[in-house]
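Undergrad: For reference, this is coords_36.txt, and it has compact mmCIF, C-alpha atoms (C1' of nucleotides).
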# COMPACT_ATOMS: atom_id res chain seq x y z
CA MET A 9 3.04 -0.23 -14.84
CA ILE A 10 6.15 1.20 -13.23
CA LEU A 11 9.71 -0.10 -13.40
CA LYS A 12 11.26 -1.35 -10.19
CA SER A 13 13.30 1.22 -8.33
CA GLN A 14 16.14 -1.31 -8.61
CA VAL A 15 16.42 -0.24 -12.26
CA GLU A 16 17.18 3.31 -11.18
CA TRP A 17 19.65 2.03 -8.59
CA ALA A 18 21.44 -0.20 -11.10
CA LEU A 19 21.81 2.62 -13.62
CA HIS A 20 23.29 4.99 -11.07
CA CYS A 21 25.60 2.28 -9.73
CA CYS A 22 26.88 1.50 -13.22
CA ALA A 23 27.57 5.19 -13.73
CA ILE A 24 29.73 5.17 -10.61
CA LEU A 25 31.48 1.94 -11.58
CA ALA A 26 32.26 3.48 -14.97
CA GLY A 27 34.47 6.02 -13.19
CA LEU A 28 36.46 3.37 -11.34
CA PRO A 29 40.12 3.00 -12.38
CA ALA A 30 40.94 -0.29 -14.12
CA GLY A 31 41.28 -3.26 -11.81
CA ARG A 32 39.59 -1.64 -8.80
CA TYR A 33 36.35 -2.84 -7.21
CA LEU A 34 33.64 -1.00 -5.29
CA SER A 35 31.57 -2.73 -2.61
CA THR A 36 27.81 -2.86 -2.15
CA LYS A 37 28.34 -1.01 1.09
CA ALA A 38 30.01 1.96 -0.62
CA LEU A 39 27.43 2.06 -3.44
CA ALA A 40 24.58 1.92 -0.94
CA GLU A 41 26.07 4.66 1.20
CA PHE A 42 26.79 6.90 -1.79
CA HIS A 43 23.20 6.68 -3.03
CA GLY A 44 21.47 6.44 0.35
CA LEU A 45 20.03 3.02 -0.40
CA PRO A 46 19.36 -0.10 1.71
CA LYS A 47 22.53 -2.17 1.38
CA GLU A 48 20.91 -5.61 1.55
CA TYR A 49 18.31 -4.85 -1.08
CA LEU A 50 20.68 -2.99 -3.38
CA SER A 51 22.77 -6.15 -3.19
CA LYS A 52 19.99 -8.00 -5.04
CA ALA A 53 20.12 -5.52 -7.91
CA LEU A 54 23.89 -5.85 -8.13
CA GLN A 55 23.56 -9.62 -8.13
CA SER A 56 21.26 -9.26 -11.12
CA LEU A 57 23.93 -7.25 -12.93
CA SER A 58 26.46 -9.92 -12.04
CA GLN A 59 24.26 -12.77 -13.26
CA ALA A 60 23.75 -10.93 -16.53
CA GLY A 61 27.50 -10.68 -16.95
CA LEU A 62 27.51 -6.88 -16.89
CA VAL A 63 29.81 -6.65 -13.88
CA ASP A 64 32.63 -8.69 -12.43
CA THR A 65 32.87 -9.37 -8.73
CA THR A 66 35.46 -10.44 -6.25
CA LEU A 67 35.19 -11.52 -2.65
CA GLY A 68 36.93 -10.56 0.55
CA PRO A 69 38.02 -7.21 1.95
CA SER A 70 38.64 -4.82 -0.95
CA GLY A 71 36.16 -6.91 -2.92
CA GLY A 72 33.09 -5.63 -4.72
CA TYR A 73 31.99 -4.84 -8.26
CA ARG A 74 33.49 -3.44 -11.43
CA LEU A 75 32.16 -3.20 -14.98
CA ALA A 76 32.76 -6.29 -17.11
CA LYS A 77 32.84 -4.20 -20.31
CA ALA A 78 33.78 -0.69 -21.38
CA PRO A 79 31.03 1.91 -20.78
CA ALA A 80 30.68 2.28 -24.55
CA GLU A 81 29.80 -1.41 -24.79
CA LEU A 82 27.04 -1.25 -22.18
CA THR A 83 23.60 0.01 -23.15
CA PHE A 84 20.73 1.19 -20.99
CA LEU A 85 18.79 -1.81 -22.27
CA ASP A 86 21.46 -4.20 -20.97
CA ILE A 87 21.14 -2.75 -17.50
CA VAL A 88 17.36 -2.38 -17.51
CA GLU A 89 16.85 -5.95 -18.71
CA ALA A 90 19.37 -7.34 -16.24
CA VAL A 91 17.23 -6.04 -13.39
CA GLU A 92 13.73 -5.97 -14.83
CA GLY A 93 13.93 -9.05 -17.03
CA ASN A 94 13.43 -9.17 -20.77
CA ALA A 95 9.79 -10.23 -20.81
CA ARG A 96 7.59 -8.01 -22.93
CA THR A 97 5.57 -5.37 -21.10
CA PHE A 98 2.36 -6.56 -22.74
CA VAL A 99 1.16 -10.09 -22.14
CA CYS A 100 -1.35 -11.53 -24.60
CA ASN A 101 -3.85 -13.80 -22.92
CA ASN A 102 -5.36 -14.59 -26.29
CA ILE A 103 -8.87 -13.72 -25.20
CA ARG A 104 -10.00 -13.86 -28.84
CA ALA A 105 -9.94 -17.64 -28.33
CA ASN A 106 -13.04 -17.24 -26.13
CA ASN A 107 -15.13 -15.91 -29.02
CA PRO A 108 -18.29 -18.01 -28.81
CA CYS A 109 -18.65 -17.90 -32.60
CA ARG A 110 -15.50 -19.86 -33.21
CA PRO A 111 -15.92 -23.19 -34.87
CA LEU A 112 -14.58 -26.08 -32.80
CA GLY A 113 -10.94 -26.88 -33.52
CA TYR A 114 -10.37 -23.44 -35.00
CA CYS A 115 -6.70 -22.54 -34.87
CA GLU A 116 -5.11 -19.07 -35.05
CA SER A 117 -2.74 -18.39 -37.91
CA GLY A 118 -0.48 -16.18 -35.80
CA PRO A 119 -0.25 -13.86 -32.81
CA CYS A 120 -3.19 -11.58 -32.03
CA ALA A 121 -3.24 -8.26 -33.90
CA VAL A 122 -3.63 -6.36 -30.65
CA ALA A 123 -0.56 -8.06 -29.19
CA ARG A 124 1.49 -7.42 -32.31
CA ILE A 125 0.90 -3.69 -32.03
CA MET A 126 1.56 -3.60 -28.31
CA TRP A 127 4.77 -5.55 -28.88
CA GLU A 128 5.89 -3.08 -31.53
CA ALA A 129 5.52 -0.31 -28.98
CA ASP A 130 7.45 -2.38 -26.48
CA GLU A 131 10.17 -2.83 -29.08
CA ALA A 132 10.27 0.94 -29.73
CA TRP A 133 10.92 1.41 -26.02
CA ARG A 134 13.68 -1.18 -26.03
CA GLN A 135 15.20 0.24 -29.21
CA LYS A 136 15.51 3.63 -27.57
CA LEU A 137 17.15 2.09 -24.51
CA ARG A 138 19.45 0.08 -26.74
CA SER A 139 20.57 3.26 -28.51
CA VAL A 140 21.92 4.89 -25.36
CA ARG A 141 25.24 3.68 -24.04
CA LEU A 142 26.53 4.01 -20.52
CA SER A 143 29.31 6.19 -21.97
CA ASP A 144 26.63 8.59 -23.25
CA LEU A 145 25.27 8.91 -19.74
CA ILE A 146 28.71 9.60 -18.31
CA GLU A 147 29.23 12.29 -20.92
CA THR A 148 25.93 13.94 -20.02
CA LEU A 149 26.63 13.71 -16.33
CA SER A 150 30.05 15.30 -16.75
CA ARG A 151 28.29 18.27 -18.34
CA ASP A 152 25.44 18.38 -15.80
CA ILE A 153 27.43 18.02 -12.61
CA PRO A 154 29.55 20.91 -11.34
CA ALA A 155 33.28 20.14 -11.62
CA GLU A 156 33.69 20.55 -7.88
CA LEU A 157 31.09 17.93 -7.02
CA TRP A 158 32.26 15.63 -9.80
CA LYS A 159 35.78 15.71 -8.40
CA SER A 160 34.86 15.21 -4.75
CA SER A 161 32.55 12.31 -5.65
CA PHE A 162 35.33 10.67 -7.61
CA GLU A 163 37.65 11.01 -4.62
CA TRP A 164 35.00 9.68 -2.25
CA VAL A 165 34.70 6.58 -4.39
CA LEU A 166 38.46 6.13 -4.80
CA GLU A 167 38.97 6.17 -1.04
CA ARG A 168 36.63 3.19 -0.75
CA ALA A 169 37.57 1.24 -3.87
CA GLY A 170 39.51 -1.96 -3.21
CA MET B 3 6.74 -4.31 -15.32
CA ILE B 4 3.69 -5.66 -17.08
CA LEU B 5 0.59 -3.79 -18.21
CA LYS B 6 -2.69 -4.69 -16.56
CA SER B 7 -4.75 -7.28 -18.37
CA GLN B 8 -7.48 -4.65 -18.37
CA VAL B 9 -5.49 -2.90 -21.12
CA GLU B 10 -5.86 -5.97 -23.32
CA TRP B 11 -9.54 -6.19 -22.47
CA ALA B 12 -10.18 -2.54 -23.24
CA LEU B 13 -8.47 -2.77 -26.63
CA HIS B 14 -10.49 -5.80 -27.66
CA CYS B 15 -13.71 -4.26 -26.41
CA CYS B 16 -13.07 -1.07 -28.39
CA ALA B 17 -12.49 -3.19 -31.48
CA ILE B 18 -15.91 -4.76 -30.99
CA LEU B 19 -17.57 -1.42 -30.29
CA ALA B 20 -16.04 -0.06 -33.50
CA GLY B 21 -18.18 -2.53 -35.43
CA LEU B 22 -21.40 -1.43 -33.83
CA PRO B 23 -23.92 0.36 -36.06
CA ALA B 24 -24.41 4.04 -35.23
CA GLY B 25 -26.63 4.68 -32.24
CA ARG B 26 -26.49 1.14 -30.87
CA TYR B 27 -25.01 0.18 -27.49
CA LEU B 28 -23.42 -3.02 -26.26
CA SER B 29 -23.57 -4.04 -22.60
CA THR B 30 -20.78 -5.14 -20.26
CA LYS B 31 -22.50 -8.49 -20.08
CA ALA B 32 -22.24 -9.07 -23.83
CA LEU B 33 -18.64 -7.86 -23.98
CA ALA B 34 -17.69 -10.08 -21.06
CA GLU B 35 -19.38 -13.10 -22.56
CA PHE B 36 -17.84 -12.54 -25.98
CA HIS B 37 -14.31 -12.38 -24.57
CA GLY B 38 -14.77 -14.86 -21.73
CA LEU B 39 -14.03 -12.26 -19.05
CA PRO B 40 -15.35 -11.61 -15.54
CA LYS B 41 -18.23 -9.20 -16.03
CA GLU B 42 -17.82 -7.25 -12.80
CA TYR B 43 -14.12 -6.66 -13.27
CA LEU B 44 -14.37 -5.87 -16.97
CA SER B 45 -16.90 -3.27 -15.92
CA LYS B 46 -14.10 -1.39 -14.15
CA ALA B 47 -12.09 -1.20 -17.36
CA LEU B 48 -15.13 0.07 -19.28
CA GLN B 49 -15.72 2.65 -16.59
CA SER B 50 -12.16 3.86 -17.15
CA LEU B 51 -12.89 4.27 -20.85
CA SER B 52 -16.05 6.14 -19.97
CA GLN B 53 -14.29 8.46 -17.54
CA ALA B 54 -11.68 9.22 -20.19
CA GLY B 55 -14.47 10.18 -22.58
CA LEU B 56 -13.59 7.46 -25.08
CA VAL B 57 -17.01 5.83 -24.91
CA ASP B 58 -20.56 6.98 -24.32
CA THR B 59 -22.89 5.06 -22.07
CA THR B 60 -26.58 4.74 -21.50
CA LEU B 61 -28.56 3.04 -18.76
CA GLY B 62 -31.44 0.65 -18.67
CA PRO B 63 -32.31 -2.41 -20.75
CA SER B 64 -30.65 -2.06 -24.16
CA GLY B 65 -28.09 0.17 -22.46
CA GLY B 66 -24.34 -0.23 -22.57
CA TYR B 67 -21.38 1.31 -24.36
CA ARG B 68 -20.55 2.77 -27.75
CA LEU B 69 -17.53 4.66 -29.01
CA ALA B 70 -17.60 8.40 -28.40
CA LYS B 71 -15.46 9.07 -31.49
CA ALA B 72 -14.81 7.54 -34.88
CA PRO B 73 -12.29 4.65 -34.83
CA ALA B 74 -9.90 6.81 -36.85
CA GLU B 75 -9.94 9.38 -34.04
CA LEU B 76 -9.07 6.88 -31.31
CA THR B 77 -5.45 5.84 -30.80
CA PHE B 78 -4.00 2.91 -28.93
CA LEU B 79 -2.44 5.42 -26.56
CA ASP B 80 -5.85 6.88 -25.73
CA ILE B 81 -7.10 3.46 -24.72
CA VAL B 82 -3.95 2.34 -22.92
CA GLU B 83 -3.74 5.55 -20.92
CA ALA B 84 -7.44 5.47 -20.06
CA VAL B 85 -6.92 2.15 -18.30
CA GLU B 86 -3.30 2.25 -17.21
CA GLY B 87 -3.00 5.93 -16.41
CA ASN B 88 -0.61 8.40 -18.02
CA ALA B 89 2.11 8.34 -15.39
CA ARG B 90 5.57 7.68 -16.79
CA THR B 91 6.85 4.13 -16.49
CA PHE B 92 10.05 5.30 -14.86
CA VAL B 93 9.89 7.12 -11.55
CA CYS B 94 12.91 9.18 -10.54
CA ASN B 95 13.51 9.08 -6.81
CA ASN B 96 16.37 11.53 -7.25
CA ILE B 97 18.82 9.35 -5.39
CA ARG B 98 21.64 11.59 -6.60
CA ALA B 99 20.48 13.95 -3.86
CA ASN B 100 21.88 11.49 -1.32
CA ASN B 101 25.43 11.95 -2.61
CA PRO B 102 27.42 12.56 0.60
CA CYS B 103 29.77 14.91 -1.25
CA ARG B 104 27.08 17.46 -1.96
CA PRO B 105 27.56 20.83 -0.39
CA LEU B 106 24.70 21.85 1.90
CA GLY B 107 21.96 23.73 0.13
CA TYR B 108 23.04 22.40 -3.24
CA CYS B 109 20.21 22.54 -5.74
CA GLU B 110 19.81 20.60 -8.98
CA SER B 111 19.59 22.58 -12.19
CA GLY B 112 17.12 20.12 -13.76
CA PRO B 113 15.89 16.55 -13.86
CA CYS B 114 18.39 13.72 -13.39
CA ALA B 115 20.19 12.60 -16.57
CA VAL B 116 19.20 8.99 -15.93
CA ALA B 117 15.55 9.95 -15.66
CA ARG B 118 15.70 12.07 -18.81
CA ILE B 119 16.89 9.09 -20.84
CA MET B 120 14.38 6.70 -19.31
CA TRP B 121 11.63 9.23 -20.02
CA GLU B 122 12.71 9.50 -23.64
CA ALA B 123 12.30 5.75 -23.97
CA ASP B 124 8.90 6.01 -22.32
CA GLU B 125 7.98 8.69 -24.83
CA ALA B 126 9.13 6.48 -27.73
CA TRP B 127 6.73 3.81 -26.46
CA ARG B 128 3.89 6.30 -26.21
CA GLN B 129 4.66 7.77 -29.61
CA LYS B 130 4.32 4.34 -31.18
CA LEU B 131 1.00 3.78 -29.43
CA ARG B 132 -0.13 7.23 -30.50
CA SER B 133 0.63 6.41 -34.13
CA VAL B 134 -1.75 3.47 -34.29
CA ARG B 135 -5.44 4.21 -34.60
CA LEU B 136 -8.28 1.94 -33.67
CA SER B 137 -9.24 2.00 -37.34
CA ASP B 138 -5.82 0.53 -38.18
CA LEU B 139 -6.51 -2.36 -35.83
CA ILE B 140 -9.89 -3.00 -37.40
CA GLU B 141 -8.30 -3.06 -40.82
CA THR B 142 -5.71 -5.59 -39.68
CA LEU B 143 -8.33 -7.73 -37.97
CA SER B 144 -10.50 -7.79 -41.08
CA ARG B 145 -7.53 -9.25 -42.93
CA ASP B 146 -6.53 -11.67 -40.15
CA ILE B 147 -9.94 -13.09 -39.31
CA PRO B 148 -11.67 -15.49 -41.70
CA ALA B 149 -14.70 -13.89 -43.34
CA GLU B 150 -16.96 -16.57 -41.89
CA LEU B 151 -15.92 -15.90 -38.30
CA TRP B 152 -15.92 -12.15 -38.87
CA LYS B 153 -19.51 -12.32 -40.08
CA SER B 154 -20.82 -14.60 -37.35
CA SER B 155 -19.15 -12.48 -34.66
CA PHE B 156 -20.76 -9.37 -36.10
CA GLU B 157 -24.15 -11.05 -36.02
CA TRP B 158 -23.60 -12.31 -32.48
CA VAL B 159 -22.93 -8.75 -31.38
CA LEU B 160 -25.87 -7.29 -33.31
CA GLU B 161 -28.29 -9.70 -31.64
CA ARG B 162 -27.26 -8.32 -28.27
CA ALA B 163 -26.81 -4.64 -29.12
CA GLY B 164 -29.47 -2.34 -27.74
C1' DT C 21 -46.82 2.80 -12.74
C1' DC C 22 -44.21 -1.43 -12.17
C1' DT C 23 -40.48 -4.46 -13.33
C1' DA C 24 -36.31 -5.73 -15.32
C1' DT C 25 -31.95 -4.21 -16.86
C1' DT C 26 -28.26 -1.32 -17.03
C1' DA C 27 -23.80 1.73 -15.68
C1' DA C 28 -21.47 3.89 -11.68
C1' DG C 29 -19.10 3.38 -7.94
C1' DG C 30 -18.01 2.10 -2.99
C1' DA C 31 -16.50 -1.65 0.02
C1' DT C 32 -14.14 -5.59 0.62
C1' DA C 33 -11.49 -9.86 -0.31
C1' DT C 34 -7.76 -12.47 -2.53
C1' DA C 35 -3.51 -13.11 -5.18
C1' DA C 36 0.69 -11.53 -6.90
C1' DA C 37 4.63 -8.52 -7.12
C1' DA C 38 7.79 -5.16 -5.14
C1' DT C 39 10.37 -3.91 -1.29
C1' DA C 40 13.08 -5.08 2.46
C1' DT C 41 15.58 -7.62 6.17
C1' DC C 42 17.99 -11.47 8.16
C1' DC C 43 21.10 -15.17 8.19
C1' DC C 44 24.33 -18.62 6.56
C1' DT C 45 28.16 -20.02 3.36
C1' DA C 46 32.34 -19.74 0.67
C1' DT C 47 35.98 -16.82 -0.65
C1' DT C 48 39.60 -13.52 -0.20
C1' DT C 49 42.81 -10.21 2.11
C1' DC C 50 45.70 -9.07 5.64
C1' DG D 13 43.01 -16.85 12.29
C1' DA D 14 40.08 -12.61 11.82
C1' DA D 15 37.56 -9.43 9.18
C1' DA D 16 35.22 -8.21 5.06
C1' DT D 17 33.07 -9.47 1.00
C1' DA D 18 29.43 -11.51 -2.69
C1' DG D 19 25.90 -15.09 -3.21
C1' DG D 20 21.87 -16.71 -2.13
C1' DG D 21 17.96 -18.79 0.67
C1' DA D 22 14.17 -17.74 3.82
C1' DT D 23 10.97 -14.75 5.41
C1' DA D 24 8.29 -10.49 6.35
C1' DT D 25 5.95 -6.24 4.91
C1' DT D 26 3.83 -3.18 1.70
C1' DT D 27 1.75 -2.14 -2.54
C1' DT D 28 -0.62 -3.27 -6.69
C1' DA D 29 -3.55 -6.14 -9.51
C1' DT D 30 -7.39 -8.98 -9.71
C1' DA D 31 -11.91 -10.04 -8.47
C1' DT D 32 -16.50 -10.07 -6.19
C1' DC D 33 -20.42 -8.05 -3.91
C1' DC D 34 -23.74 -4.63 -3.07
C1' DT D 35 -26.29 -0.20 -3.40
C1' DT D 36 -27.95 3.62 -6.20
C1' DA D 37 -29.87 6.08 -10.09
C1' DA D 38 -31.39 5.93 -14.74
C1' DT D 39 -33.86 3.88 -18.58
C1' DA D 40 -36.87 0.94 -21.50
C1' DG D 41 -40.72 -1.54 -22.09
C1' DA D 42 -44.96 -3.95 -20.43
Please rewrite the model in this file as structure tokens.
TA:
Amino acid sequence: MILKSQVEWALHCCAILAGLPAGRYLSTKALAEFHGLPKEYLSKALQSLSQAGLVDTTLGPSGGYRLAKAPAELTFLDIVEAVEGNARTFVCNNIRANNPCRPLGYCESGPCAVARIMWEADEAWRQKLRSVRLSDLIETLSRDIPAELWKSSFEWVLERAG
Amino acid sequence: MILKSQVEWALHCCAILAGLPAGRYLSTKALAEFHGLPKEYLSKALQSLSQAGLVDTTLGPSGGYRLAKAPAELTFLDIVEAVEGNARTFVCNNIRANNPCRPLGYCESGPCAVARIMWEADEAWRQKLRSVRLSDLIETLSRDIPAELWKSSFEWVLERAG
DNA sequence: TCTATTAAGGATATAAAATATCCCTATTTC
DNA sequence: GAAATAGGGATATTTTATATCCTTAATAGA
């Protein structure tokens, strides 16, 4: 069970978009080049963000993507679910229903105990992702990344932002 | 990102094995029949449990599986990881290394900030699974399942336990 | 000893999901 | 009008999950 690499791509792209001045857009092409990713496929991840309402888009030359909300209003969970979907990571196939000892017409009172526990763990994962905002990531990155590289990256992006 | 159905199978099988009297074994065939699962494929899940040391096995007629530890000493995480593996659910491909602004020979000081956060969420999921013991599941099941069905299932298993 | 039954595990087949590319359309900028 | 863009459909490739089959070694019981 491994998350799609598109999740990683979407998170890094949002981090870049968070640094974009208000009103500017950044294209798939620029985001793909910056991260060394296949443009066409990255485009699918960005479309997912768009469909989820996390980013705004515009067409034409100087078109591209920008965040639809402030970085403090975007959580990791928003981004992960936009790309990966919000289906639970554990699917209950209700195999208890195959118990040969069951009387005919027997009906469960509620979800399977195994599933309930697995879903609680799933929820713990989501809760953690929900607790981290994109602004938190930016803050961490600004501490992690040398000022020199931070600055040159920002300029690289600005040169290509429409 | 969805867990293998073998995880569900393994959890239910462990719940059954937990009810087995000391020294008795239950075969793949019985476990498959009880849960309505393909015997050959379920066998792979049970082999995973065996390789992880969660169950003991014995060969021959009246052979099969039994728990290697008390239900209170077995956690959900033990079982999930035996089947699903213990690799983290988020893989960092370190795409930041493709940043075209990086000076040559630049070397990261530590893991990517994005990965660190995703790994914390992964750990929150594991921590929750680690906090639930097989004995907790049994307790819940004994409350959920009607006494009648609980009893007949127990007898069904006993008839087939070697 | 012989036979039936079992787990272990290798080989292979099938189905589903992830990864990726290509192409066409509508929109926007210049 | 030309160039660049996002959106999205179609398709191909690779990887993973699911499933079956078969052989081997061990064990229990007749």
Undergrad: Please list as a ChimeraX atom specification every residue within 8 Å of stretch 36-39 of chain B, counting all atoms listed in the file and excluding residues in the same chain fewer than 4 positions away.
TA: /A:103-108 /B:32,44
Undergrad: For atom CA of B:Asp58 and atom CA of B:Ala72, determine how far apart the two atoms are, in Å to one decimal place.
TA: 12.0 Å
Undergrad: For chain A, list the residues within 6 Å of chain D, counting only C-alpha atoms (C1' of nucleotides), and write the list as a list in words.
TA: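 Those within range of chain D come out as Leu67, Gly68, Pro69 and Gly71 of chain A.
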Undergrad: Which residues, written as a list in words, have at least one atom at most 12 Å from A:Glu167, with only C-alpha atoms (C1' of nucleotides) counted and residues fewer than 3 positions away on the same chain left out?
TA: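 Returned residues: Leu28, Pro29, Arg32, Tyr33, Leu34, Ser35, Ala38, Ser70, Ser160, Ser161, Phe162, Glu163, Trp164 and Gly170 of chain A.
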Undergrad: What residues in chain C lie within 9 Å of chain A, counting all atoms listed in the file, written as a VMD selection string?
TA: chain C and resid 38 to 41 47 to 50
Undergrad: Rounded to one decimal place, report the atom CA of A:Ile24-atom CA of A:Lys77 distance in Å.
TA: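 The value is 13.8 Å.
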Undergrad: Find the spatial neighbours of B:Ala17, counting all atoms listed in the file, within a cut-off of 8 Å - ignore same-chain residues fewer than 2 positions away - and output them as an NGL selection string.
TA: :B and (13-15 or 19-21 or 136 or 139-140)
Undergrad: Can you tell me how far atom CA of A:Trp17 sits from atom CA of A:Leu75, in Å to one decimal?
TA: 15.0 Å
